[in-house]
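Asker: Encoded as structure tokens, here's the structure I'll be asking about.
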Amino acid sequence: MIAAIPTLTLLFAITGALSGGVFDNLLDPLERNYVDRGNVNRSELSLTQHGTISYLHAGPPSSDRLVIFLHGAVFSARTWQVVGTLDALADAGVRSVALELPGSANGLSGPRQSTAHQRTLLGAFVRELGWQHRVLVVAASRGGMVGSPFVFEQPEQAAGYVSVAALLDKPSGANTSSVPALVIWGALDSPSRSEATMRAFTSAHRVILPDAPHPAYLKEPARFSELVLVFAGKGAAGTLPTNAAKADWSPPHAHANIERRTLRSVPINI
């Protein structure tokens, strides 16, 4: 059973997300200046209860580290590409996947799904992918409706959780999660609202990006990418305090017999 999301929290997140047009001045330059180095490809998976899910993926298939990105309401998987984070992870030898969430503007994964379906989407995707290791989940805004239930209900599969002003949807009765967390918030997006997420994790570190809006990664894309890299155990020393929470990549016990599958790559065409 998942607890209901507080009305005020939901209102704040939706209000911030639906004003996506005001962020065009930040997103458009990233689109124009992005240089495609061929790291990122598009594939799809067919899930029994969720339909066909399109996603971008990058990084070496041999990597035992996987970072999964979940975009906000008015953005898409490509947002994580033009921000540069998928390329940065690939350069560091880390595999990444950016889901095209159902209901995204490009419609590649079909219409928006019910709350109940959103809660089980990521678990179903990871199972169908056949991934045998832990995953690091990065969720922004409405992406938290997909990411946080996975982290709370399947902690043995989660290496860590990065919340970028993400909605928090946790099981009723659950107090805190032991999954390491990095909470990133824009200074222009009422940082005090990050307190609920900080309280939900026993090991969490918070970074407030100055002069940054709700999608804080658009304001400081290079710093955001470096924060994710360091949290994943691959970035430069000094980006986070030495005692800050980091992803835990120790082997899980639940996936010993899952067959790993090869990602099917097709050219990006959006």
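Chain labels A, B, ... are given in the sequence in which chains occur in the structure tokens; within each chain residues are numbered consecutively from 1, and ligands are likewise numbered from 1 in the order shown.
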Quick one: everything within 10 Å of Trp185 in chain A, counting only C-alpha atoms, minus sequence neighbours fewer than 6 positions away in the same chain. Send it as a ChimeraX atom specification.

Answerer: /A:140,163-166,191-194,206-210,212-217

Asker: Skipping near chain neighbours, those fewer than 6 positions away, what residues fall within 7 Å of range 58-64 of chain A using only C-alpha atoms, listed as a ChimeraX atom specification?

Answerer: /A:39-41,86,89-90,93-97,133

Asker: Emit the selected residues as an mmCIF file, in the first residue's frame, including N, CA and C atoms.

Answerer:
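What ended up in part-v8.cif:
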```cif
data_model
loop_
_atom_site.group_PDB
_atom_site.id
_atom_site.type_symbol
_atom_site.label_atom_id
_atom_site.label_comp_id
_atom_site.auth_asym_id
_atom_site.auth_seq_id
_atom_site.Cartn_x
_atom_site.Cartn_y
_atom_site.Cartn_z
ATOM 1 N N ASN A 39 27.046 8.454 -28.766
ATOM 2 C CA ASN A 39 27.000 7.628 -27.562
ATOM 3 C C ASN A 39 25.611 7.094 -27.264
ATOM 4 N N VAL A 40 24.595 7.837 -27.715
ATOM 5 C CA VAL A 40 23.218 7.579 -27.272
ATOM 6 C C VAL A 40 22.404 6.955 -28.393
ATOM 7 N N ASN A 41 21.669 5.895 -28.065
ATOM 8 C CA ASN A 41 20.790 5.229 -29.008
ATOM 9 C C ASN A 41 19.401 5.079 -28.407
ATOM 10 N N LEU A 86 24.021 11.838 -20.016
ATOM 11 C CA LEU A 86 24.184 10.498 -20.587
ATOM 12 C C LEU A 86 25.577 10.339 -21.199
ATOM 13 N N LEU A 89 28.271 10.088 -18.361
ATOM 14 C CA LEU A 89 28.310 8.759 -17.764
ATOM 15 C C LEU A 89 28.977 7.759 -18.711
ATOM 16 N N ALA A 90 28.636 7.848 -20.008
ATOM 17 C CA ALA A 90 29.252 6.945 -20.992
ATOM 18 C C ALA A 90 30.763 7.123 -21.014
ATOM 19 N N GLY A 93 32.416 5.284 -18.379
ATOM 20 C CA GLY A 93 32.256 3.835 -18.392
ATOM 21 C C GLY A 93 31.029 3.328 -17.678
ATOM 22 N N VAL A 94 30.034 4.209 -17.481
ATOM 23 C CA VAL A 94 28.805 3.838 -16.787
ATOM 24 C C VAL A 94 27.661 3.753 -17.787
ATOM 25 N N ARG A 95 26.891 2.712 -17.694
ATOM 26 C CA ARG A 95 25.733 2.527 -18.561
ATOM 27 C C ARG A 95 24.565 3.360 -18.041
ATOM 28 N N SER A 96 23.783 3.934 -18.932
ATOM 29 C CA SER A 96 22.629 4.723 -18.506
ATOM 30 C C SER A 96 21.443 4.465 -19.409
ATOM 31 N N VAL A 97 20.256 4.653 -18.845
ATOM 32 C CA VAL A 97 18.992 4.499 -19.561
ATOM 33 C C VAL A 97 18.103 5.663 -19.156
ATOM 34 N N HIS A 133 22.140 -6.347 -11.721
ATOM 35 C CA HIS A 133 22.800 -5.590 -10.662
ATOM 36 C C HIS A 133 21.857 -4.526 -10.103
#
```

Asker: What is the distance between CA of Glu31 in chain A and CA of Lys219 in chain A, in Å to one decimal?

Answerer: 13.4 Å

Asker: Hey, can you check how far CA of Asp24 in chain A sits from CA of Phe75 in chain A?

Answerer: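 Distance reported for this atom pair: 10.7 Å.
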
Asker: Report the distance between CA of Asp189 in chain A and CA of Val135 in chain A in Å, rounded to one decimal place.

Answerer: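 Between CA of Asp189 in chain A and CA of Val135 in chain A the gap works out to 27.6 Å.
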
Asker: Which polymer residues have any atom within 12 Å of an atom of Trp80 in chain A, counting only C-alpha atoms, with same-chain residues fewer than 6 positions away left out, as a ChimeraX atom specification?

Answerer: /A:27,30-31,34,40,55-58,67-72,86-89,96-100,138-140,215,217-218,221-222,224-225,228

Asker: From a DSSP calculation on the backbone, collect every residue of range 36-188 of chain A in helix (DSSP H, G or I) and output the set as a ChimeraX atom specification.

Answerer: /A:77-83,85-91,115-129,141-153,155-157

Asker: Keeping only N, CA and C atoms, take the residues you just selected and write them out as a compact mmCIF listing (two decimals), in the first residue's frame.

Answerer:
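In the end it all went to out.txt:
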```txt
# COMPACT_ATOMS: atom_id res chain seq x y z
N ALA A 77 12.92 12.01 -22.45
CA ALA A 77 14.20 11.34 -22.26
C ALA A 77 15.33 12.13 -22.88
N ARG A 78 15.05 12.80 -23.99
CA ARG A 78 16.09 13.56 -24.68
C ARG A 78 16.64 14.70 -23.81
N THR A 79 15.85 15.19 -22.89
CA THR A 79 16.33 16.24 -22.00
C THR A 79 17.63 15.82 -21.32
N TRP A 80 17.68 14.57 -20.84
CA TRP A 80 18.89 14.09 -20.16
C TRP A 80 20.06 13.99 -21.13
N GLN A 81 19.76 13.81 -22.41
CA GLN A 81 20.82 13.74 -23.42
C GLN A 81 21.42 15.11 -23.67
N VAL A 82 20.57 16.12 -23.92
CA VAL A 82 21.10 17.45 -24.27
C VAL A 82 21.71 18.14 -23.06
N VAL A 83 21.29 17.75 -21.86
CA VAL A 83 21.95 18.27 -20.65
C VAL A 83 23.39 17.77 -20.58
N THR A 85 24.33 14.60 -19.49
CA THR A 85 24.60 13.63 -18.44
C THR A 85 24.78 12.21 -18.98
N LEU A 86 24.02 11.84 -20.02
CA LEU A 86 24.18 10.50 -20.59
C LEU A 86 25.58 10.34 -21.20
N ASP A 87 26.04 11.38 -21.89
CA ASP A 87 27.39 11.33 -22.47
C ASP A 87 28.46 11.30 -21.39
N ALA A 88 28.26 12.08 -20.33
CA ALA A 88 29.25 12.13 -19.25
C ALA A 88 29.39 10.76 -18.59
N LEU A 89 28.27 10.09 -18.36
CA LEU A 89 28.31 8.76 -17.76
C LEU A 89 28.98 7.76 -18.71
N ALA A 90 28.64 7.85 -20.01
CA ALA A 90 29.25 6.95 -20.99
C ALA A 90 30.76 7.12 -21.01
N ASP A 91 31.22 8.38 -20.97
CA ASP A 91 32.66 8.65 -20.96
C ASP A 91 33.34 8.06 -19.73
N THR A 115 -1.86 6.15 -11.52
CA THR A 115 -0.88 6.18 -10.45
C THR A 115 -0.41 4.77 -10.10
N ALA A 116 -1.34 3.82 -10.07
CA ALA A 116 -0.97 2.43 -9.76
C ALA A 116 0.01 1.87 -10.78
N HIS A 117 -0.19 2.19 -12.06
CA HIS A 117 0.72 1.71 -13.10
C HIS A 117 2.08 2.40 -13.01
N GLN A 118 2.08 3.69 -12.67
CA GLN A 118 3.34 4.40 -12.53
C GLN A 118 4.18 3.77 -11.42
N ARG A 119 3.53 3.32 -10.36
CA ARG A 119 4.25 2.75 -9.23
C ARG A 119 4.97 1.45 -9.56
N THR A 120 4.49 0.73 -10.54
CA THR A 120 5.09 -0.57 -10.87
C THR A 120 5.90 -0.53 -12.17
N LEU A 121 5.93 0.62 -12.84
CA LEU A 121 6.58 0.71 -14.15
C LEU A 121 8.07 0.40 -14.09
N LEU A 122 8.79 1.02 -13.18
CA LEU A 122 10.24 0.86 -13.17
C LEU A 122 10.65 -0.57 -12.83
N GLY A 123 9.97 -1.18 -11.86
CA GLY A 123 10.27 -2.56 -11.52
C GLY A 123 10.05 -3.49 -12.70
N ALA A 124 8.95 -3.26 -13.44
CA ALA A 124 8.66 -4.08 -14.61
C ALA A 124 9.71 -3.87 -15.70
N PHE A 125 10.14 -2.63 -15.86
CA PHE A 125 11.15 -2.32 -16.88
C PHE A 125 12.48 -3.01 -16.56
N VAL A 126 12.92 -2.91 -15.32
CA VAL A 126 14.20 -3.51 -14.93
C VAL A 126 14.14 -5.03 -15.09
N ARG A 127 13.02 -5.63 -14.74
CA ARG A 127 12.88 -7.08 -14.91
C ARG A 127 12.95 -7.47 -16.38
N GLU A 128 12.24 -6.73 -17.24
CA GLU A 128 12.23 -7.07 -18.65
C GLU A 128 13.59 -6.81 -19.29
N LEU A 129 14.28 -5.80 -18.82
CA LEU A 129 15.63 -5.52 -19.31
C LEU A 129 16.59 -6.66 -18.97
N SER A 141 11.02 15.84 -10.69
CA SER A 141 9.62 16.26 -10.62
C SER A 141 8.68 15.06 -10.67
N ARG A 142 7.80 14.99 -11.70
CA ARG A 142 6.83 13.90 -11.78
C ARG A 142 7.48 12.54 -11.94
N GLY A 143 8.74 12.50 -12.37
CA GLY A 143 9.45 11.23 -12.45
C GLY A 143 9.54 10.51 -11.12
N GLY A 144 9.39 11.28 -10.02
CA GLY A 144 9.39 10.68 -8.70
C GLY A 144 8.22 9.74 -8.46
N MET A 145 7.13 9.92 -9.22
CA MET A 145 5.99 9.02 -9.10
C MET A 145 6.33 7.62 -9.60
N VAL A 146 7.36 7.52 -10.42
CA VAL A 146 7.84 6.22 -10.92
C VAL A 146 9.04 5.76 -10.10
N GLY A 147 9.92 6.70 -9.75
CA GLY A 147 11.17 6.35 -9.08
C GLY A 147 11.06 6.03 -7.61
N SER A 148 10.34 6.86 -6.84
CA SER A 148 10.34 6.66 -5.39
C SER A 148 9.63 5.37 -4.96
N PRO A 149 8.52 4.94 -5.59
CA PRO A 149 7.94 3.65 -5.17
C PRO A 149 8.90 2.48 -5.39
N PHE A 150 9.66 2.51 -6.48
CA PHE A 150 10.65 1.46 -6.74
C PHE A 150 11.70 1.43 -5.64
N VAL A 151 12.21 2.59 -5.28
CA VAL A 151 13.28 2.67 -4.29
C VAL A 151 12.80 2.19 -2.92
N PHE A 152 11.57 2.55 -2.56
CA PHE A 152 11.05 2.17 -1.24
C PHE A 152 10.61 0.71 -1.19
N GLU A 153 10.05 0.21 -2.28
CA GLU A 153 9.51 -1.15 -2.24
C GLU A 153 10.53 -2.20 -2.68
N PRO A 155 14.26 -1.94 -2.25
CA PRO A 155 15.55 -1.32 -1.89
C PRO A 155 16.74 -2.18 -2.22
N GLU A 156 16.56 -3.51 -2.28
CA GLU A 156 17.69 -4.39 -2.59
C GLU A 156 18.15 -4.22 -4.04
N GLN A 157 17.31 -3.60 -4.88
CA GLN A 157 17.66 -3.37 -6.28
C GLN A 157 18.21 -1.96 -6.52
```

Asker: Write down as a ChimeraX atom specification the residues belonging to range 89-256 of chain A that are assigned strand (DSSP E or B) by DSSP computed on the backbone.

Answerer: /A:95-99,135-140,158-164,171,177,181-186,201,204-209

Asker: Convert the current residue selection to file output with C-alpha atoms, as a JSON list (two decimals), in the first residue's frame.

Answerer:
```json
[["chain", "number", "residue", "atom", "x", "y", "z"],
["A", 95, "ARG", "CA", 25.73, 2.53, -18.56],
["A", 96, "SER", "CA", 22.63, 4.72, -18.51],
["A", 97, "VAL", "CA", 18.99, 4.50, -19.56],
["A", 98, "ALA", "CA", 16.53, 7.38, -19.87],
["A", 99, "LEU", "CA", 12.93, 6.22, -19.96],
["A", 135, "VAL", "CA", 20.42, 0.49, -10.38],
["A", 136, "LEU", "CA", 20.88, 4.14, -9.49],
["A", 137, "VAL", "CA", 17.61, 6.02, -10.05],
["A", 138, "VAL", "CA", 17.57, 9.71, -11.00],
["A", 139, "ALA", "CA", 14.08, 11.25, -10.91],
["A", 140, "ALA", "CA", 12.98, 14.79, -11.64],
["A", 158, "ALA", "CA", 18.50, 0.30, -5.68],
["A", 159, "ALA", "CA", 22.10, 1.49, -5.51],
["A", 160, "GLY", "CA", 20.89, 5.00, -4.75],
["A", 161, "TYR", "CA", 18.33, 7.67, -5.49],
["A", 162, "VAL", "CA", 18.86, 11.15, -6.89],
["A", 163, "SER", "CA", 15.82, 13.38, -6.43],
["A", 164, "VAL", "CA", 15.73, 16.56, -8.48],
["A", 171, "PRO", "CA", 4.51, 3.14, 1.09],
["A", 177, "SER", "CA", 14.60, 4.30, 3.50],
["A", 181, "ALA", "CA", 20.05, 9.60, -1.56],
["A", 182, "LEU", "CA", 21.21, 12.82, -3.19],
["A", 183, "VAL", "CA", 18.62, 15.59, -3.10],
["A", 184, "ILE", "CA", 19.14, 18.37, -5.66],
["A", 185, "TRP", "CA", 16.98, 21.47, -5.57],
["A", 186, "GLY", "CA", 16.94, 24.82, -7.31],
["A", 201, "PHE", "CA", 16.04, 8.76, 3.73],
["A", 204, "ALA", "CA", 20.85, 11.74, 2.34],
["A", 205, "HIS", "CA", 22.86, 14.74, 1.19],
["A", 206, "ARG", "CA", 21.28, 17.91, -0.17],
["A", 207, "VAL", "CA", 22.65, 20.28, -2.80],
["A", 208, "ILE", "CA", 20.90, 23.59, -3.52],
["A", 209, "LEU", "CA", 21.88, 25.00, -6.92]]
```
